[in-house]
file target.csv (CSV, C-alpha atoms and all ligand atoms)
chain,number,residue,atom,x,y,z
A,1,MET,CA,155.9,53.7,153.9
A,2,LEU,CA,153.4,56.3,152.5
A,3,LYS,CA,155.0,59.8,152.4
A,4,LEU,CA,152.5,62.6,153.1
A,5,GLY,CA,152.7,66.3,152.2
A,6,VAL,CA,150.3,68.4,154.2
A,7,LEU,CA,148.9,71.8,153.2
A,8,ALA,CA,147.3,73.8,155.9
A,9,SER,CA,146.2,77.4,156.5
A,10,GLY,CA,145.4,77.6,160.2
A,11,ARG,CA,145.0,75.9,163.5
A,12,GLY,CA,146.0,72.5,162.1
A,13,SER,CA,144.0,70.2,164.5
A,14,ASN,CA,143.5,67.8,161.6
A,15,PHE,CA,147.2,67.9,160.9
A,16,GLN,CA,147.7,67.0,164.6
A,17,SER,CA,145.3,64.1,164.4
A,18,ILE,CA,147.4,62.6,161.6
A,19,ILE,CA,150.6,63.1,163.5
A,20,ASP,CA,149.0,61.4,166.6
A,21,GLU,CA,147.9,58.4,164.6
A,22,ILE,CA,151.3,58.0,163.1
A,23,GLU,CA,152.9,58.3,166.6
A,24,ALA,CA,150.4,55.7,167.9
A,25,GLY,CA,151.5,53.3,165.2
A,26,SER,CA,148.0,53.1,163.7
A,27,LEU,CA,148.9,54.9,160.5
A,28,ASN,CA,151.9,53.6,158.6
A,29,ALA,CA,153.0,56.9,157.0
A,30,SER,CA,155.5,59.7,157.5
A,31,ILE,CA,155.0,63.5,156.9
A,32,SER,CA,157.6,64.8,154.6
A,33,LEU,CA,156.6,68.4,154.5
A,34,LEU,CA,154.0,70.9,155.8
A,35,ILE,CA,153.3,73.9,153.4
A,36,THR,CA,151.3,76.8,154.6
A,37,ASP,CA,150.0,79.9,152.9
A,38,ASN,CA,149.8,81.7,156.3
A,39,PRO,CA,152.9,82.6,158.3
A,40,ASP,CA,150.9,82.7,161.5
A,41,ALA,CA,149.3,79.2,161.0
A,42,TYR,CA,149.4,77.3,164.3
A,43,ALA,CA,150.0,74.2,162.2
A,44,ILE,CA,153.6,75.5,161.9
A,45,GLU,CA,154.1,75.2,165.7
A,46,ARG,CA,152.8,71.7,165.5
A,47,ALA,CA,155.3,70.8,162.7
A,48,LYS,CA,158.2,72.3,164.8
A,49,LYS,CA,157.3,70.2,167.8
A,50,GLN,CA,157.6,67.1,165.7
A,51,SER,CA,160.6,68.3,163.7
A,52,ILE,CA,158.5,68.1,160.5
A,53,LYS,CA,159.9,70.3,157.7
A,54,HIS,CA,157.7,73.3,157.0
A,55,LEU,CA,157.5,75.9,154.3
A,56,TYR,CA,155.5,79.1,154.1
A,57,LEU,CA,154.7,80.3,150.6
A,58,ASN,CA,153.0,83.6,150.2
A,59,PRO,CA,150.6,83.4,147.2
A,60,HIS,CA,151.1,87.1,146.6
A,61,ASP,CA,154.7,86.5,145.8
A,62,PHE,CA,153.7,84.6,142.7
A,63,LYS,CA,152.7,86.1,139.4
A,64,SER,CA,149.7,83.9,139.0
A,65,LYS,CA,147.7,81.2,140.8
A,66,ASN,CA,149.3,78.7,138.4
A,67,ASP,CA,152.8,79.7,139.4
A,68,PHE,CA,151.9,79.3,143.1
A,69,TYR,CA,150.6,75.8,142.6
A,70,THR,CA,153.5,74.9,140.2
A,71,ARG,CA,155.9,75.8,143.1
A,72,ILE,CA,153.9,73.8,145.6
A,73,ALA,CA,153.9,70.8,143.3
A,74,LYS,CA,157.6,71.1,142.8
A,75,GLU,CA,158.3,71.2,146.6
A,76,LEU,CA,156.2,68.1,147.1
A,77,VAL,CA,157.6,66.2,144.1
A,78,LYS,CA,161.1,67.1,145.4
A,79,ARG,CA,160.4,65.2,148.6
A,80,ASP,CA,158.9,62.2,146.9
A,81,VAL,CA,155.4,62.8,148.4
A,82,ASP,CA,152.9,60.0,147.6
A,83,LEU,CA,149.7,61.7,148.9
A,84,VAL,CA,148.8,65.3,149.4
A,85,ILE,CA,146.7,66.1,152.4
A,86,LEU,CA,144.6,69.3,152.6
A,87,ALA,CA,144.1,69.8,156.3
A,88,GLY,CA,142.2,73.1,156.5
A,89,PHE,CA,143.8,74.6,153.4
A,90,MET,CA,141.5,77.5,152.7
A,91,ARG,CA,142.1,77.8,148.9
A,92,ILE,CA,140.8,76.1,145.8
A,93,VAL,CA,143.7,74.0,144.5
A,94,GLY,CA,145.1,75.0,141.1
A,95,LYS,CA,145.5,72.8,138.0
A,96,PRO,CA,149.3,72.4,138.2
A,97,LEU,CA,149.1,70.7,141.6
A,98,ILE,CA,146.1,68.5,140.5
A,99,GLU,CA,148.0,67.4,137.4
A,100,ALA,CA,151.1,66.6,139.4
A,101,PHE,CA,149.2,64.5,141.8
A,102,PRO,CA,146.2,63.0,140.0
A,103,ASN,CA,143.8,61.3,142.4
A,104,ARG,CA,146.5,61.7,145.1
A,105,ILE,CA,145.1,64.8,146.9
A,106,ILE,CA,142.6,64.4,149.6
A,107,ASN,CA,140.6,67.0,151.6
A,108,ILE,CA,138.4,67.1,154.7
A,109,HIS,CA,135.2,69.1,154.6
A,110,PRO,CA,133.0,69.9,157.6
A,111,ALA,CA,129.7,68.9,156.0
A,112,LEU,CA,128.0,66.0,154.3
A,113,LEU,CA,128.8,66.8,150.7
A,114,PRO,CA,127.3,67.7,148.3
A,115,ALA,CA,125.5,69.7,150.9
A,116,PHE,CA,127.1,72.9,152.0
A,117,PRO,CA,130.3,73.2,150.0
A,118,GLY,CA,132.6,76.2,150.4
A,119,LEU,CA,133.2,78.2,153.5
A,120,HIS,CA,131.3,78.3,156.8
A,121,SER,CA,129.6,74.9,156.2
A,122,GLN,CA,128.7,74.4,159.8
A,123,LYS,CA,126.9,77.9,159.8
A,124,GLN,CA,125.2,77.0,156.6
A,125,ALA,CA,123.9,73.8,158.1
A,126,VAL,CA,122.6,75.5,161.3
A,127,ASP,CA,121.0,78.3,159.3
A,128,TYR,CA,119.4,75.8,157.0
A,129,GLY,CA,118.0,73.9,159.9
A,130,VAL,CA,119.2,70.4,158.9
A,131,ARG,CA,118.8,67.6,161.4
A,132,VAL,CA,121.9,65.7,160.3
A,133,SER,CA,125.3,67.0,159.2
A,134,GLY,CA,128.9,65.7,159.4
A,135,CYS,CA,132.1,65.6,157.6
A,136,THR,CA,133.5,64.2,154.3
A,137,VAL,CA,136.9,63.1,153.2
A,138,HIS,CA,137.2,63.3,149.4
A,139,PHE,CA,139.6,63.3,146.5
A,140,VAL,CA,140.3,66.7,145.2
A,141,ASP,CA,139.4,67.8,141.6
A,142,GLU,CA,139.3,71.3,140.2
A,143,GLY,CA,135.9,72.1,141.6
A,144,MET,CA,135.1,73.4,145.0
A,145,ASP,CA,134.5,70.3,147.3
A,146,THR,CA,133.3,68.3,144.3
A,147,GLY,CA,135.7,65.3,144.1
A,148,PRO,CA,134.9,61.7,144.7
A,149,ILE,CA,133.9,60.9,148.3
A,150,ILE,CA,136.1,58.5,150.3
A,151,ILE,CA,134.3,58.5,153.6
A,152,GLN,CA,131.7,60.4,155.5
A,153,ALA,CA,130.6,60.6,159.2
A,154,ALA,CA,127.4,62.0,160.5
A,155,VAL,CA,126.4,64.0,163.5
A,156,VAL,CA,122.8,64.7,164.6
A,157,VAL,CA,122.1,68.4,164.7
A,158,SER,CA,120.0,69.6,167.6
A,159,PRO,CA,117.7,72.6,167.1
A,160,ASP,CA,119.7,74.3,169.9
A,161,ASP,CA,123.0,73.9,168.0
A,162,THR,CA,125.0,77.0,167.2
A,163,GLU,CA,127.8,77.2,164.6
A,164,ASP,CA,130.3,76.7,167.4
A,165,THR,CA,128.7,73.7,169.1
A,166,LEU,CA,128.1,72.0,165.8
A,167,SER,CA,131.6,72.7,164.6
A,168,GLU,CA,133.1,71.2,167.7
A,169,ARG,CA,131.1,68.0,167.4
A,170,ILE,CA,131.9,67.7,163.7
A,171,LEU,CA,135.6,68.4,164.4
A,172,ARG,CA,135.8,65.4,166.8
A,173,LEU,CA,134.7,63.2,163.9
A,174,GLU,CA,137.0,64.8,161.4
A,175,HIS,CA,139.9,63.8,163.7
A,176,LYS,CA,138.8,60.2,163.4
A,177,ILE,CA,137.8,59.8,159.7
A,178,PHE,CA,140.7,61.8,158.2
A,179,PRO,CA,143.5,59.5,159.5
A,180,TYR,CA,141.2,56.6,158.8
A,181,ALA,CA,140.8,57.6,155.1
A,182,ILE,CA,144.6,58.0,154.8
A,183,ARG,CA,145.0,54.5,156.3
A,184,LEU,CA,142.6,53.1,153.7
A,185,TYR,CA,144.6,54.7,151.0
A,186,SER,CA,148.0,53.6,152.5
A,187,GLU,CA,146.7,50.0,152.6
A,188,GLY,CA,145.8,50.2,148.9
A,189,ARG,CA,142.1,49.6,149.6
A,190,LEU,CA,140.6,52.5,147.7
A,191,TYR,CA,139.7,52.2,144.0
A,192,ALA,CA,137.5,54.2,141.7
A,193,ASP,CA,134.4,52.9,139.9
A,194,GLY,CA,133.3,56.0,138.0
A,195,ARG,CA,133.0,58.7,140.6
A,196,THR,CA,132.2,56.1,143.3
A,197,ILE,CA,135.1,55.1,145.5
A,198,LYS,CA,135.0,51.5,146.5
A,199,ILE,CA,136.7,50.2,149.6
A,200,LYS,CA,138.2,46.7,149.7
A,201,GLY,CA,137.1,44.8,152.9
A,202,TYR,CA,135.0,47.6,154.1
A,203,GLU,CA,132.8,47.0,157.2
A,204,LEU,CA,130.2,49.5,158.2
A,205,LYS,CA,130.8,50.4,161.8
A,206,ASP,CA,127.8,52.5,162.8
A,207,GLU,CA,129.1,53.7,166.2
A,208,PHE,CA,132.2,55.2,164.4
A,209,PHE,CA,130.2,57.2,161.9
A,210,ILE,CA,127.3,58.6,163.9
A,211,ASN,CA,127.8,60.9,166.8
A,212,PRO,CA,124.8,61.6,169.0
A,213,PRO,CA,123.9,65.1,169.9
A,214,ILE,CA,125.1,66.6,173.2
A,215,HIS,CA,121.7,67.9,174.2
A,216,ARG,CA,119.0,65.3,174.1
B,301,LIG,C1,138.2,71.9,159.5
B,301,LIG,O1,136.9,72.1,160.0
B,301,LIG,C2,138.2,71.3,158.1
B,301,LIG,O2,137.1,70.4,157.9
B,301,LIG,C3,138.1,72.5,157.2
B,301,LIG,O3,138.9,73.5,157.9
B,301,LIG,C4,138.9,73.2,159.3
B,301,LIG,C5,140.4,73.1,159.6
B,301,LIG,O4,140.6,72.9,161.0
B,301,LIG,N1,138.5,72.2,155.9
B,301,LIG,P1,142.0,72.6,161.5
B,301,LIG,O5,143.0,73.7,161.0
B,301,LIG,O6,142.4,71.2,161.0
B,301,LIG,O7,142.0,72.6,163.0

call {"tool": "encode", "arguments": {"input": "target.csv", "output": "structure tokens"}}
result
Amino acid sequence: MLKLGVLASGRGSNFQSIIDEIEAGSLNASISLLITDNPDAYAIERAKKQSIKHLYLNPHDFKSKNDFYTRIAKELVKRDVDLVILAGFMRIVGKPLIEAFPNRIINIHPALLPAFPGLHSQKQAVDYGVRVSGCTVHFVDEGMDTGPIIIQAAVVVSPDDTEDTLSERILRLEHKIFPYAIRLYSEGRLYADGRTIKIKGYELKDEFFINPPIHR
């Protein structure tokens, strides 16, 4: 069974969606550890409810960014983690973690990359006036939201959308595609062809990947 290590900084609703899929039996994985960089992250409460081990690490307690990520890598390796999940982890991952888990770290981003990387992507999308946005699950490299894309889902953006309404709609899709991407990984169906991630036995299911706008 795939052992997951989750890194989160806040609310942890994506973390919860992974817990729920495991509970429902649709994701054959277990969560070995939650690491947070924020002692007040609600994700910690979610871990407690499920008796998932959790660990808070304060980046300011470390001499350097490298030391911080070396420690994170050590904690994950210690628990035999196979795949590292960034579920709303609000930092750019450092080299020691990437080197310890090459092509074994995945992130969810609330925009259709390569559009709107970084913070406040939903606001960026609304301010830009795009008509389609969405979310992306991708492997993590040293750049900011630049790694190979595993899966994306789109939402139509209404001219009346605000950052909040768009975020909410995108989040609903995040909760579907993140566990789905982990499942694809757990089934050994992902392989790289250059920076393109191929998916064995992939069937395009439009209704799953496009969410209609609330206001028509
Ligand atoms: C999500 O929108 C995710 O795409 C982004 O940070 C947010 C985290 O939300 N990386 P949550 O903590 O999972 O509820």

call {"tool": "residues_near_ligand", "arguments": {"input": "target.csv", "ligand": "ligand LIG 301 (chain B)", "cutoff": "7 Å", "atoms": "only C-alpha atoms and all ligand atoms", "output": "PyMOL selection string"}}
result
chain A and resi 8-15+87-90+108-110+135+171+174

call {"tool": "atom_distance", "arguments": {"input": "target.csv", "atom1": "atom CA of A:Ile197", "atom2": "atom CA of A:Phe101"}}
result
17.3 Å

call {"tool": "atom_distance", "arguments": {"input": "target.csv", "atom1": "atom CA of A:Leu86", "atom2": "atom CA of A:Gly194"}}
result
22.8 Å

call {"tool": "residues_around", "arguments": {"input": "target.csv", "residues": "A:Tyr191", "least_positions_apart": "4", "cutoff": "12 Å", "atoms": "only C-alpha atoms", "output": "ChimeraX atom specification"}}
result
/A:103-104,139,148-150,184-187,195-201

call {"tool": "closest_residue", "arguments": {"input": "target.csv", "among": "A:Arg91, A:Tyr42, A:Gln16, A:Arg172", "to": "A:Gly118", "atoms": "all atoms listed in the file"}}
result
A:Arg91

call {"tool": "decode", "arguments": {"input": "target.csv", "residues": "stretch 90-167 of chain A", "atoms": "C-alpha atoms", "output": "mmCIF file, in the first residue's frame"}}
result
data_model
loop_
_atom_site.group_PDB
_atom_site.id
_atom_site.type_symbol
_atom_site.label_atom_id
_atom_site.label_comp_id
_atom_site.auth_asym_id
_atom_site.auth_seq_id
_atom_site.Cartn_x
_atom_site.Cartn_y
_atom_site.Cartn_z
ATOM 1 C CA MET A 90 2.725 27.618 1.131
ATOM 2 C CA ARG A 91 6.473 27.397 0.525
ATOM 3 C CA ILE A 92 8.794 26.626 -2.339
ATOM 4 C CA VAL A 93 10.265 23.229 -1.589
ATOM 5 C CA GLY A 94 14.031 23.134 -1.022
ATOM 6 C CA LYS A 95 16.560 20.964 -2.793
ATOM 7 C CA PRO A 96 17.213 18.429 0.005
ATOM 8 C CA LEU A 97 13.566 17.303 -0.066
ATOM 9 C CA ILE A 98 13.430 17.173 -3.866
ATOM 10 C CA GLU A 99 16.636 15.152 -3.972
ATOM 11 C CA ALA A 100 15.355 12.741 -1.313
ATOM 12 C CA PHE A 101 12.095 12.207 -3.238
ATOM 13 C CA PRO A 102 12.869 12.655 -6.953
ATOM 14 C CA ASN A 103 9.607 12.658 -8.970
ATOM 15 C CA ARG A 104 7.831 11.608 -5.803
ATOM 16 C CA ILE A 105 6.425 14.953 -4.655
ATOM 17 C CA ILE A 106 3.132 16.250 -6.009
ATOM 18 C CA ASN A 107 1.345 19.553 -5.564
ATOM 19 C CA ILE A 108 -2.100 20.973 -6.248
ATOM 20 C CA HIS A 109 -2.305 24.472 -7.690
ATOM 21 C CA PRO A 110 -5.552 26.459 -8.111
ATOM 22 C CA ALA A 111 -5.023 27.567 -11.717
ATOM 23 C CA LEU A 112 -4.407 26.045 -15.112
ATOM 24 C CA LEU A 113 -0.613 26.118 -15.147
ATOM 25 C CA PRO A 114 1.485 27.555 -16.631
ATOM 26 C CA ALA A 115 -1.007 30.423 -16.173
ATOM 27 C CA PHE A 116 -1.025 32.160 -12.808
ATOM 28 C CA PRO A 117 1.684 30.416 -10.790
ATOM 29 C CA GLY A 118 2.489 31.551 -7.259
ATOM 30 C CA LEU A 119 0.112 33.043 -4.739
ATOM 31 C CA HIS A 120 -3.473 34.265 -5.172
ATOM 32 C CA SER A 121 -3.946 32.503 -8.506
ATOM 33 C CA GLN A 122 -7.715 32.790 -8.383
ATOM 34 C CA LYS A 123 -7.456 36.580 -7.909
ATOM 35 C CA GLN A 124 -4.915 36.739 -10.719
ATOM 36 C CA ALA A 125 -7.376 34.866 -12.963
ATOM 37 C CA VAL A 126 -10.316 37.141 -12.075
ATOM 38 C CA ASP A 127 -8.222 40.308 -12.464
ATOM 39 C CA TYR A 128 -6.917 39.145 -15.824
ATOM 40 C CA GLY A 129 -10.458 38.455 -17.013
ATOM 41 C CA VAL A 130 -9.914 34.906 -18.242
ATOM 42 C CA ARG A 131 -12.969 32.889 -19.252
ATOM 43 C CA VAL A 132 -11.594 29.502 -18.188
ATOM 44 C CA SER A 133 -9.499 28.587 -15.183
ATOM 45 C CA GLY A 134 -9.147 25.515 -13.000
ATOM 46 C CA CYS A 135 -6.618 23.487 -11.081
ATOM 47 C CA THR A 136 -3.504 21.466 -11.762
ATOM 48 C CA VAL A 137 -1.832 18.522 -10.047
ATOM 49 C CA HIS A 138 1.843 18.379 -10.927
ATOM 50 C CA PHE A 139 5.130 16.861 -9.902
ATOM 51 C CA VAL A 140 7.305 19.258 -7.966
ATOM 52 C CA ASP A 141 10.666 20.488 -9.164
ATOM 53 C CA GLU A 142 12.768 23.349 -7.842
ATOM 54 C CA GLY A 143 10.788 26.051 -9.626
ATOM 55 C CA MET A 144 7.579 27.678 -8.511
ATOM 56 C CA ASP A 145 4.704 25.568 -9.889
ATOM 57 C CA THR A 146 6.815 24.516 -12.887
ATOM 58 C CA GLY A 147 6.979 20.718 -12.626
ATOM 59 C CA PRO A 148 5.442 18.206 -15.078
ATOM 60 C CA ILE A 149 1.642 18.255 -15.145
ATOM 61 C CA ILE A 150 -0.232 15.111 -14.102
ATOM 62 C CA ILE A 151 -3.819 16.245 -14.467
ATOM 63 C CA GLN A 152 -5.875 19.412 -14.822
ATOM 64 C CA ALA A 153 -9.531 20.295 -14.455
ATOM 65 C CA ALA A 154 -11.258 23.382 -15.804
ATOM 66 C CA VAL A 155 -13.987 25.691 -14.613
ATOM 67 C CA VAL A 156 -15.695 28.317 -16.708
ATOM 68 C CA VAL A 157 -15.139 31.799 -15.288
ATOM 69 C CA SER A 158 -18.124 34.093 -15.286
ATOM 70 C CA PRO A 159 -17.624 37.866 -15.692
ATOM 71 C CA ASP A 160 -19.411 38.153 -12.337
ATOM 72 C CA ASP A 161 -16.989 35.871 -10.528
ATOM 73 C CA THR A 162 -15.039 37.215 -7.565
ATOM 74 C CA GLU A 163 -11.905 35.714 -6.098
ATOM 75 C CA ASP A 164 -14.112 33.957 -3.525
ATOM 76 C CA THR A 165 -16.708 32.486 -5.874
ATOM 77 C CA LEU A 166 -14.041 31.291 -8.284
ATOM 78 C CA SER A 167 -11.908 29.844 -5.468
#
